[in-house]
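Peer 1: structure_34.cif is reproduced below (mmCIF, C-alpha atoms and all ligand atoms).
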```cif
data_structure
loop_
_atom_site.label_atom_id
_atom_site.label_comp_id
_atom_site.auth_asym_id
_atom_site.auth_seq_id
_atom_site.Cartn_x
_atom_site.Cartn_y
_atom_site.Cartn_z
CA MET A 1 85.88 89.33 191.72
CA ASN A 2 83.75 91.84 193.51
CA LYS A 3 83.26 95.39 192.34
CA ASP A 4 85.88 96.89 194.65
CA GLU A 5 88.51 94.46 193.42
CA ILE A 6 87.61 95.19 189.79
CA ILE A 7 87.93 98.91 190.46
CA GLU A 8 91.38 98.43 191.98
CA TRP A 9 92.60 96.62 188.87
CA LEU A 10 91.00 99.20 186.59
CA LEU A 11 92.85 101.93 188.45
CA GLY A 12 96.09 100.16 187.56
CA CYS A 13 97.08 98.91 190.98
CA ASP A 14 99.24 96.18 189.44
CA ASP A 15 99.10 95.86 185.66
CA ASP A 16 101.90 93.29 185.54
CA ALA A 17 100.02 90.92 187.82
CA LEU A 18 96.75 91.53 185.98
CA PHE A 19 98.10 90.79 182.52
CA GLU A 20 100.08 87.82 183.77
CA ARG A 21 96.95 86.34 185.32
CA SER A 22 94.82 86.89 182.20
CA ALA A 23 97.52 85.40 179.95
CA GLN A 24 97.69 82.35 182.16
CA ILE A 25 93.92 81.89 182.19
CA ARG A 26 93.68 82.39 178.46
CA HIS A 27 96.41 79.81 177.91
CA GLN A 28 94.57 77.27 180.06
CA THR A 29 91.12 77.83 178.57
CA VAL A 30 90.79 79.13 175.01
CA GLY A 31 94.49 78.58 174.38
CA ASP A 32 96.78 80.84 172.37
CA LYS A 33 94.71 80.61 169.20
CA VAL A 34 93.50 83.72 167.41
CA TYR A 35 90.42 83.45 165.23
CA LEU A 36 89.70 85.67 162.27
CA ARG A 37 86.39 87.11 161.16
CA GLY A 38 86.16 89.01 157.90
CA LEU A 39 84.29 92.22 158.64
CA ILE A 40 81.92 93.38 155.91
CA GLU A 41 80.25 96.75 156.49
CA LEU A 42 77.09 96.29 154.44
CA SER A 43 75.69 99.79 154.66
CA ASN A 44 76.15 103.06 156.54
CA ILE A 45 72.48 103.94 156.24
CA CYS A 46 71.18 104.19 159.80
CA SER A 47 67.84 105.02 161.36
CA LYS A 48 69.38 105.69 164.76
CA ASP A 49 70.83 108.94 166.01
CA CYS A 50 73.34 107.91 168.68
CA LEU A 51 75.10 111.00 169.95
CA TYR A 52 78.63 109.55 169.61
CA CYS A 53 78.41 107.94 166.21
CA GLY A 54 79.67 109.30 162.90
CA ILE A 55 77.05 107.55 160.78
CA ARG A 56 74.09 108.72 162.88
CA LYS A 57 71.00 109.57 160.90
CA SER A 58 71.33 113.34 161.24
CA ASN A 59 74.91 113.52 160.01
CA SER A 60 74.16 114.93 156.59
CA GLU A 61 77.87 115.08 155.68
CA VAL A 62 78.00 111.31 155.23
CA GLU A 63 77.63 109.92 151.75
CA ARG A 64 75.38 106.91 152.25
CA TYR A 65 75.99 103.56 150.56
CA ALA A 66 74.66 100.04 150.52
CA LEU A 67 76.70 97.17 149.11
CA SER A 68 75.04 95.08 146.43
CA LYS A 69 74.55 91.36 146.84
CA GLU A 70 77.42 90.80 144.40
CA GLN A 71 79.75 93.06 146.37
CA ILE A 72 78.85 91.32 149.59
CA MET A 73 79.32 87.86 148.10
CA SER A 74 82.74 88.75 146.71
CA ALA A 75 83.82 89.90 150.15
CA VAL A 76 82.45 86.66 151.64
CA ASP A 77 84.27 84.64 148.97
CA LEU A 78 87.46 86.52 149.81
CA ALA A 79 87.03 85.63 153.49
CA ALA A 80 86.63 81.98 152.54
CA GLU A 81 89.59 82.09 150.15
CA LEU A 82 91.77 83.65 152.86
CA ARG A 83 90.57 80.81 155.12
CA PHE A 84 89.03 83.10 157.69
CA GLY A 85 86.66 80.90 159.69
CA SER A 86 83.85 83.44 159.89
CA VAL A 87 82.36 86.59 158.49
CA VAL A 88 80.72 89.46 160.34
CA LEU A 89 78.00 91.32 158.50
CA GLN A 90 77.64 94.72 160.09
CA SER A 91 75.34 97.54 159.10
CA GLY A 92 73.69 100.71 160.28
CA GLU A 93 70.34 99.89 161.82
CA GLN A 94 67.55 99.51 159.27
CA THR A 95 64.26 97.74 159.82
CA SER A 96 62.32 98.02 156.55
CA PRO A 97 60.80 94.78 155.24
CA SER A 98 62.93 95.04 152.10
CA PHE A 99 66.11 95.34 154.17
CA VAL A 100 65.09 92.38 156.34
CA ASP A 101 64.44 90.34 153.17
CA PHE A 102 67.77 91.39 151.68
CA ILE A 103 69.67 90.20 154.75
CA ASP A 104 67.65 86.97 154.80
CA ASN A 105 68.60 86.38 151.18
CA ILE A 106 72.29 87.08 151.81
CA LEU A 107 72.33 84.71 154.80
CA ARG A 108 70.70 81.93 152.76
CA THR A 109 73.10 82.46 149.90
CA ILE A 110 76.15 82.30 152.16
CA SER A 111 74.86 79.23 154.01
CA SER A 112 74.01 77.30 150.90
CA LYS A 113 77.43 78.06 149.43
CA TYR A 114 79.57 77.43 152.50
CA GLY A 115 77.38 75.31 154.79
CA GLU A 116 78.55 75.09 158.36
CA SER A 117 82.19 75.63 157.44
CA LEU A 118 81.86 79.41 157.65
CA GLY A 119 80.59 81.06 160.83
CA ILE A 120 78.17 83.92 160.22
CA THR A 121 77.87 86.77 162.69
CA ILE A 122 75.46 89.63 162.19
CA SER A 123 75.59 93.04 163.81
CA ILE A 124 72.56 94.91 162.58
CA GLY A 125 71.10 96.55 165.66
CA GLU A 126 67.80 96.11 167.45
CA GLN A 127 65.14 94.21 165.51
CA SER A 128 61.86 92.50 166.30
CA GLU A 129 61.75 88.96 167.61
CA GLY A 130 60.36 87.77 164.28
CA VAL A 131 63.33 89.23 162.44
CA TYR A 132 65.85 87.70 164.82
CA ARG A 133 64.13 84.34 164.30
CA ARG A 134 64.12 84.66 160.53
CA TRP A 135 67.78 85.57 160.32
CA ARG A 136 68.70 82.77 162.69
CA SER A 137 66.91 80.20 160.55
CA ALA A 138 68.41 81.75 157.41
CA GLY A 139 71.86 80.79 158.72
CA ALA A 140 73.19 83.41 161.16
CA HIS A 141 75.01 81.78 164.08
CA ARG A 142 75.93 84.79 166.16
CA TYR A 143 74.65 88.28 166.92
CA LEU A 144 76.65 91.26 168.10
CA LEU A 145 74.77 93.99 169.91
CA ARG A 146 76.74 96.21 172.20
CA MET A 147 75.01 97.50 175.30
CA GLU A 148 77.34 100.53 174.98
CA SER A 149 77.10 101.13 178.74
CA SER A 150 75.42 99.25 181.58
CA SER A 151 74.50 102.46 183.39
CA ASP A 152 70.96 103.69 182.71
CA GLU A 153 72.03 107.28 183.33
CA LEU A 154 75.06 107.15 181.09
CA TYR A 155 73.13 105.30 178.37
CA ALA A 156 70.54 108.08 178.46
CA LYS A 157 73.24 110.77 178.20
CA ILE A 158 74.88 109.33 175.09
CA HIS A 159 71.65 108.58 173.22
CA PRO A 160 68.65 110.64 172.15
CA ALA A 161 65.56 110.63 174.36
CA GLY A 162 63.62 107.39 174.16
CA TYR A 163 66.56 105.02 173.73
CA ILE A 164 66.32 102.68 176.68
CA LEU A 165 69.02 100.42 178.05
CA SER A 166 66.58 97.83 179.40
CA GLU A 167 65.21 97.30 175.89
CA ARG A 168 68.70 96.58 174.64
CA LEU A 169 69.34 94.18 177.50
CA ASP A 170 66.02 92.46 176.75
CA ALA A 171 67.11 92.12 173.12
CA LEU A 172 70.32 90.45 174.25
CA LYS A 173 68.40 87.99 176.44
CA LEU A 174 66.03 87.24 173.58
CA LEU A 175 68.89 86.61 171.15
CA LYS A 176 70.34 84.16 173.62
CA LYS A 177 67.00 82.38 173.96
CA LEU A 178 66.73 82.11 170.17
CA GLY A 179 69.99 80.18 170.04
CA TYR A 180 72.42 82.80 168.85
CA GLN A 181 75.92 83.02 170.24
CA VAL A 182 75.54 86.45 171.71
CA GLY A 183 78.13 89.19 171.78
CA SER A 184 77.99 92.52 173.52
CA GLY A 185 80.32 95.21 174.69
CA VAL A 186 80.78 98.79 175.75
CA MET A 187 82.70 101.91 174.87
CA ILE A 188 85.47 102.89 177.23
CA GLY A 189 86.38 106.45 178.21
CA LEU A 190 83.10 108.15 177.37
CA PRO A 191 82.24 111.58 178.68
CA TYR A 192 80.53 111.25 182.08
CA GLN A 193 81.77 107.64 182.46
CA THR A 194 83.36 106.69 185.77
CA ILE A 195 85.63 103.80 186.67
CA GLU A 196 82.76 102.49 188.72
CA ASP A 197 80.60 102.43 185.57
CA LEU A 198 83.25 100.31 183.84
CA ALA A 199 83.32 97.87 186.75
CA ASP A 200 79.52 97.65 186.47
CA ASP A 201 79.88 96.99 182.73
CA LEU A 202 82.02 93.93 183.44
CA ILE A 203 79.55 92.73 186.05
CA ALA A 204 76.65 93.27 183.62
CA MET A 205 78.35 91.21 180.91
CA ARG A 206 78.98 88.45 183.42
CA LYS A 207 75.35 88.57 184.50
CA LEU A 208 74.09 88.43 180.91
CA ASP A 209 76.37 85.44 180.43
CA ILE A 210 77.49 86.62 176.99
CA ASP A 211 79.44 84.36 174.63
CA MET A 212 81.46 87.08 172.93
CA CYS A 213 82.60 90.60 173.58
CA GLY A 214 83.90 93.52 171.56
CA MET A 215 84.79 96.62 173.46
CA GLY A 216 87.04 99.50 172.69
CA PRO A 217 87.87 103.10 173.44
CA TYR A 218 85.39 105.83 172.71
CA ILE A 219 86.78 108.13 170.02
CA GLU A 220 85.31 111.51 169.19
CA HIS A 221 83.67 112.07 165.84
CA SER A 222 83.70 115.77 165.06
CA ALA A 223 80.24 115.70 163.46
CA ALA A 224 78.67 113.90 166.42
CA PRO A 225 77.25 116.01 169.28
CA LEU A 226 78.97 114.02 172.04
CA SER A 227 82.35 115.25 170.76
CA LYS A 228 81.48 118.68 172.17
CA ILE A 229 81.55 117.24 175.67
CA GLU A 230 85.01 116.60 176.99
CA THR A 231 85.88 113.19 178.37
CA ALA A 232 88.03 112.87 181.47
CA TYR A 233 90.31 110.31 179.78
CA THR A 234 93.18 110.94 177.40
CA PRO A 235 93.43 108.62 174.40
CA GLU A 236 96.32 106.82 176.16
CA GLU A 237 94.23 106.31 179.26
CA ARG A 238 91.35 104.95 177.18
CA VAL A 239 93.67 102.37 175.61
CA LYS A 240 95.05 101.37 179.01
CA LEU A 241 91.55 101.02 180.42
CA THR A 242 90.50 98.97 177.40
CA LEU A 243 93.39 96.55 177.92
CA ARG A 244 92.55 96.24 181.61
CA MET A 245 88.88 95.65 180.76
CA ILE A 246 89.89 92.89 178.33
CA ALA A 247 92.16 91.25 180.90
CA LEU A 248 89.51 91.41 183.63
CA LEU A 249 86.85 89.99 181.34
CA ARG A 250 89.13 87.12 180.31
CA ILE A 251 89.69 86.32 183.98
CA GLU A 252 85.98 86.57 184.81
CA MET A 253 84.67 84.78 181.72
CA PRO A 254 87.54 82.53 180.61
CA THR A 255 85.83 80.72 177.74
CA ILE A 256 84.22 83.60 175.85
CA ASN A 257 85.55 85.05 172.61
CA ILE A 258 86.92 88.57 173.01
CA ALA A 259 87.70 90.72 169.97
CA ALA A 260 90.61 93.09 169.56
CA THR A 261 88.78 96.09 168.16
CA THR A 262 89.59 98.58 165.44
CA ALA A 263 89.01 101.50 167.81
CA THR A 264 91.86 100.30 170.03
CA GLU A 265 94.11 100.13 167.01
CA THR A 266 93.03 103.58 165.94
CA LEU A 267 94.35 105.09 169.18
CA ASP A 268 97.43 102.89 169.47
CA ILE A 269 99.31 101.54 166.49
CA ASN A 270 99.97 98.31 168.41
CA GLY A 271 96.48 98.21 169.87
CA ARG A 272 95.55 94.91 168.33
CA VAL A 273 98.63 93.03 169.49
CA LYS A 274 98.30 94.56 172.94
CA SER A 275 94.64 93.51 173.06
CA ILE A 276 95.55 89.96 172.12
CA ALA A 277 98.28 89.91 174.76
CA ALA A 278 95.76 91.20 177.32
CA GLY A 279 93.38 88.32 176.63
CA ALA A 280 91.54 88.91 173.33
CA ASN A 281 91.40 85.94 170.93
CA VAL A 282 89.56 87.28 167.89
CA MET A 283 90.54 89.75 165.18
CA MET A 284 88.24 91.19 162.57
CA PRO A 285 90.15 92.24 159.47
CA ASN A 286 88.09 94.59 157.36
CA LEU A 287 86.96 93.18 154.01
CA THR A 288 84.64 96.04 153.07
CA PRO A 289 85.49 97.28 149.56
CA LEU A 290 88.02 100.11 150.00
CA ASP A 291 85.99 102.91 148.44
CA MET A 292 83.10 102.24 150.85
CA ARG A 293 85.28 101.75 153.88
CA GLN A 294 85.97 105.45 154.36
CA LYS A 295 82.24 106.06 154.38
CA TYR A 296 81.73 103.70 157.30
CA CYS A 297 83.34 106.20 159.59
CA LEU A 298 82.09 105.78 163.15
CA TYR A 299 84.76 108.04 164.68
CA ASN A 300 87.66 110.25 163.62
CA GLY A 301 90.64 108.40 162.19
CA LYS A 302 89.01 104.95 162.01
CA THR A 303 91.56 102.60 160.50
CA SER A 304 91.36 99.25 158.82
CA THR A 305 93.55 96.44 159.96
CA ASN A 306 96.75 94.73 159.01
CA LEU A 307 97.32 91.13 159.87
CA GLU A 308 100.75 91.17 161.46
CA ILE A 309 100.61 89.25 164.65
CA GLU A 310 103.28 87.13 166.22
CA ASN A 311 103.37 84.53 168.94
CA TYR A 312 99.78 83.45 168.51
CA ASN A 313 98.44 80.66 166.39
CA ILE A 314 96.08 82.12 163.88
CA GLU A 315 93.53 79.42 163.20
CA TYR A 316 92.91 79.43 159.49
CA GLY A 317 89.85 77.61 158.25
CA GLU A 318 88.27 77.19 161.68
CA ARG A 319 85.01 78.74 162.74
CA GLY A 320 86.18 79.31 166.29
CA ASP A 321 82.79 79.19 167.98
CA SER A 322 82.66 80.58 171.49
CA LEU A 323 83.59 77.76 173.87
CA HIS A 324 81.16 79.37 176.24
CA TYR A 325 78.15 78.71 173.98
CA LYS A 326 76.17 75.61 174.83
CA GLY A 327 73.71 75.70 171.95
N1 LIG A 401 83.87 105.70 169.30
C1 LIG A 401 84.04 104.39 169.53
N2 LIG A 401 83.17 103.44 169.17
C2 LIG A 401 82.08 103.83 168.52
N3 LIG A 401 81.04 103.14 168.05
C3 LIG A 401 80.17 104.00 167.47
N4 LIG A 401 80.64 105.24 167.56
C4 LIG A 401 81.82 105.19 168.23
C5 LIG A 401 82.77 106.13 168.65
N5 LIG A 401 82.59 107.43 168.41
C6 LIG A 401 80.87 101.72 168.28
C7 LIG A 401 79.60 101.43 169.08
C8 LIG A 401 78.80 100.54 168.16
C9 LIG A 401 79.85 99.97 167.25
C10 LIG A 401 79.34 99.51 165.94
O1 LIG A 401 80.75 101.03 167.07
O2 LIG A 401 79.94 100.74 170.28
O3 LIG A 401 78.09 99.53 168.84
#
```
How does this structure look as structure tokens?
Peer 2:
Amino acid sequence: MNKDEIIEWLLGCDDDALFERSAQIRHQTVGDKVYLRGLIELSNICSKDCLYCGIRKSNSEVERYALSKEQIMSAVDLAAELRFGSVVLQSGEQTSPSFVDFIDNILRTISSKYGESLGITISIGEQSEGVYRRWRSAGAHRYLLRMESSSDELYAKIHPAGYILSERLDALKLLKKLGYQVGSGVMIGLPYQTIEDLADDLIAMRKLDIDMCGMGPYIEHSAAPLSKIETAYTPEERVKLTLRMIALLRIEMPTINIAATTATETLDINGRVKSIAAGANVMMPNLTPLDMRQKYCLYNGKTSTNLEIENYNIEYGERGDSLHYKG
């Protein structure tokens, strides 16, 4: 699809046809399976100061936590017991040598306990090449790093000075080179964001040739500076745009894994099911210990998930690697 066609679909020219097409393509490629990843939010300590995010460094209202190795391993064990095929270890961005060692140790512990039967995804922000290499050899299979937006101007507006989109894109290319299954994604309905920007986001993900995608609506966090700037999109519109983005991405990149995100569910009680119907094939139930979960608050009203989903075949005990990944 060219950009003009993508824009037409994003504007809602024919949602019925769009969702029918994406359902058909999904059925023929990744099938109607839904894979589960147990999400474990390791720590809300973050060295970054992204203008939209609730756990940004300068939000002094947040009580900071870091899960212990024992807490992490019990969540991993729970994922295995529930026969989720994979875990996602997500954390605020930290780069200290002790943090890098801690993650390395966790990855080795999980791998030696579960071998290749449990997929391990990490989502720990921008790191040095050496760190990406270490974590890869310690057992991580996949890396999630959202580009947040493919527009240099918009990226600059939603981040503090000095955060540069091209560096993030370089990180994604590097992760791919190092043999990770690479996931990225964007926020949808940001202040200043245009429909054209969203079309460019889809084109950028296609160009990067990602294996996985997680994208969801932007949601204000009252303690984050970006919430003072009004977005042009109502919450309903953001959900609609998210579903169209998912459908278009499924059509454009049929074999990738696409996650139904928590943010979509936060704005729409049926957000997850609707995302799956639009073309997503991955869900990430939250396994973070409950008392910590509220502290990992990226935006107002962030919910955790339930597992009710009908009409799709949840694949218990399968890793569900991206069919797009060629090793
Ligand atoms: N609204 C929606 N998504 C957000 N994220 C961070 N803050 C917000 C927000 N206010 C997303 C970012 C980040 C991921 C971990 O959470 O896209 O990459």
Peer 1: When you draw a straight line from atom CA of A:Glu126 to atom CA of A:Met187, how long is it in Å?
Peer 2: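 Answer for the atom CA of A:Glu126 to atom CA of A:Met187 separation: 17.6 Å.
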Peer 1: Which is closer to ligand LIG 401 (chain A) than all the others in A:Ala199, A:Ile110, A:Ile122, A:Ile55, using only C-alpha atoms and all ligand atoms?
Peer 2: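 Looking at the shortest contact to ligand LIG 401 (chain A), the residue is A:Ile55.
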Peer 1: Can you tell me which residues come within 10 Å of ligand LIG 401 (chain A) when counting all atoms listed in the file, ideally as a PyMOL selection string?
Peer 2: chain A and resi 41+50-56+90-93+123-125+144-149+184-190+214-224+226-227+261-264+266+296-300+302
Peer 1: Find, counting all atoms listed in the file, the residue in A:Ile45, A:Leu267, A:Ile72, A:Val62 that gets nearest to A:Ser96.
Peer 2: A:Ile45
Peer 1: Once you count only C-alpha atoms, which residues end up no further than 12 Å from (73.4, 89.9, 184.5) in the file's frame, shown as an MDAnalysis selection string?
Peer 2: chainID A and resid 150 166 169:170 172:173 200:210
Peer 1: Have a look at A:Ile276, A:Val282, A:Ile269, A:His324 and name the one nearest to A:Gly301; count all atoms listed in the file.
Peer 2: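 Of A:Ile276, A:Val282, A:Ile269, A:His324, the one nearest A:Gly301 is A:Ile269, counting all atoms listed in the file.
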Peer 1: So which one's closest to A:Gly130, A:Cys213, A:Leu178, A:Gly85, A:Asp152? Using only C-alpha atoms, please.
Peer 2: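 Checking each candidate against A:Gly130, we get A:Leu178 as the closest.
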Peer 1: Would you work out the distance separating atom CA of A:Ile258 from atom CA of A:Gly183, expressed in Å to one decimal?
Peer 2: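 Separation of atom CA of A:Ile258 and atom CA of A:Gly183: 8.9 Å.
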Peer 1: What does the distance between atom CA of A:Asp49 and atom CA of A:Glu153 come to in Å, to one decimal place?
Peer 2: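 One can read the atom CA of A:Asp49 to atom CA of A:Glu153 distance as 17.4 Å.
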Peer 1: Taking all atoms of stretch 265-269 of chain A that the file lists, what box with edges along x, y and z, padded by 4 Å per side, do you get, with centre and edge lengths in Å to one decimal, as AutoDock Vina command-line options?
Peer 2:
```
--center_x 96.2 --center_y 102.6 --center_z 167.7 --size_x 14.3 --size_y 13.0 --size_z 11.5
```
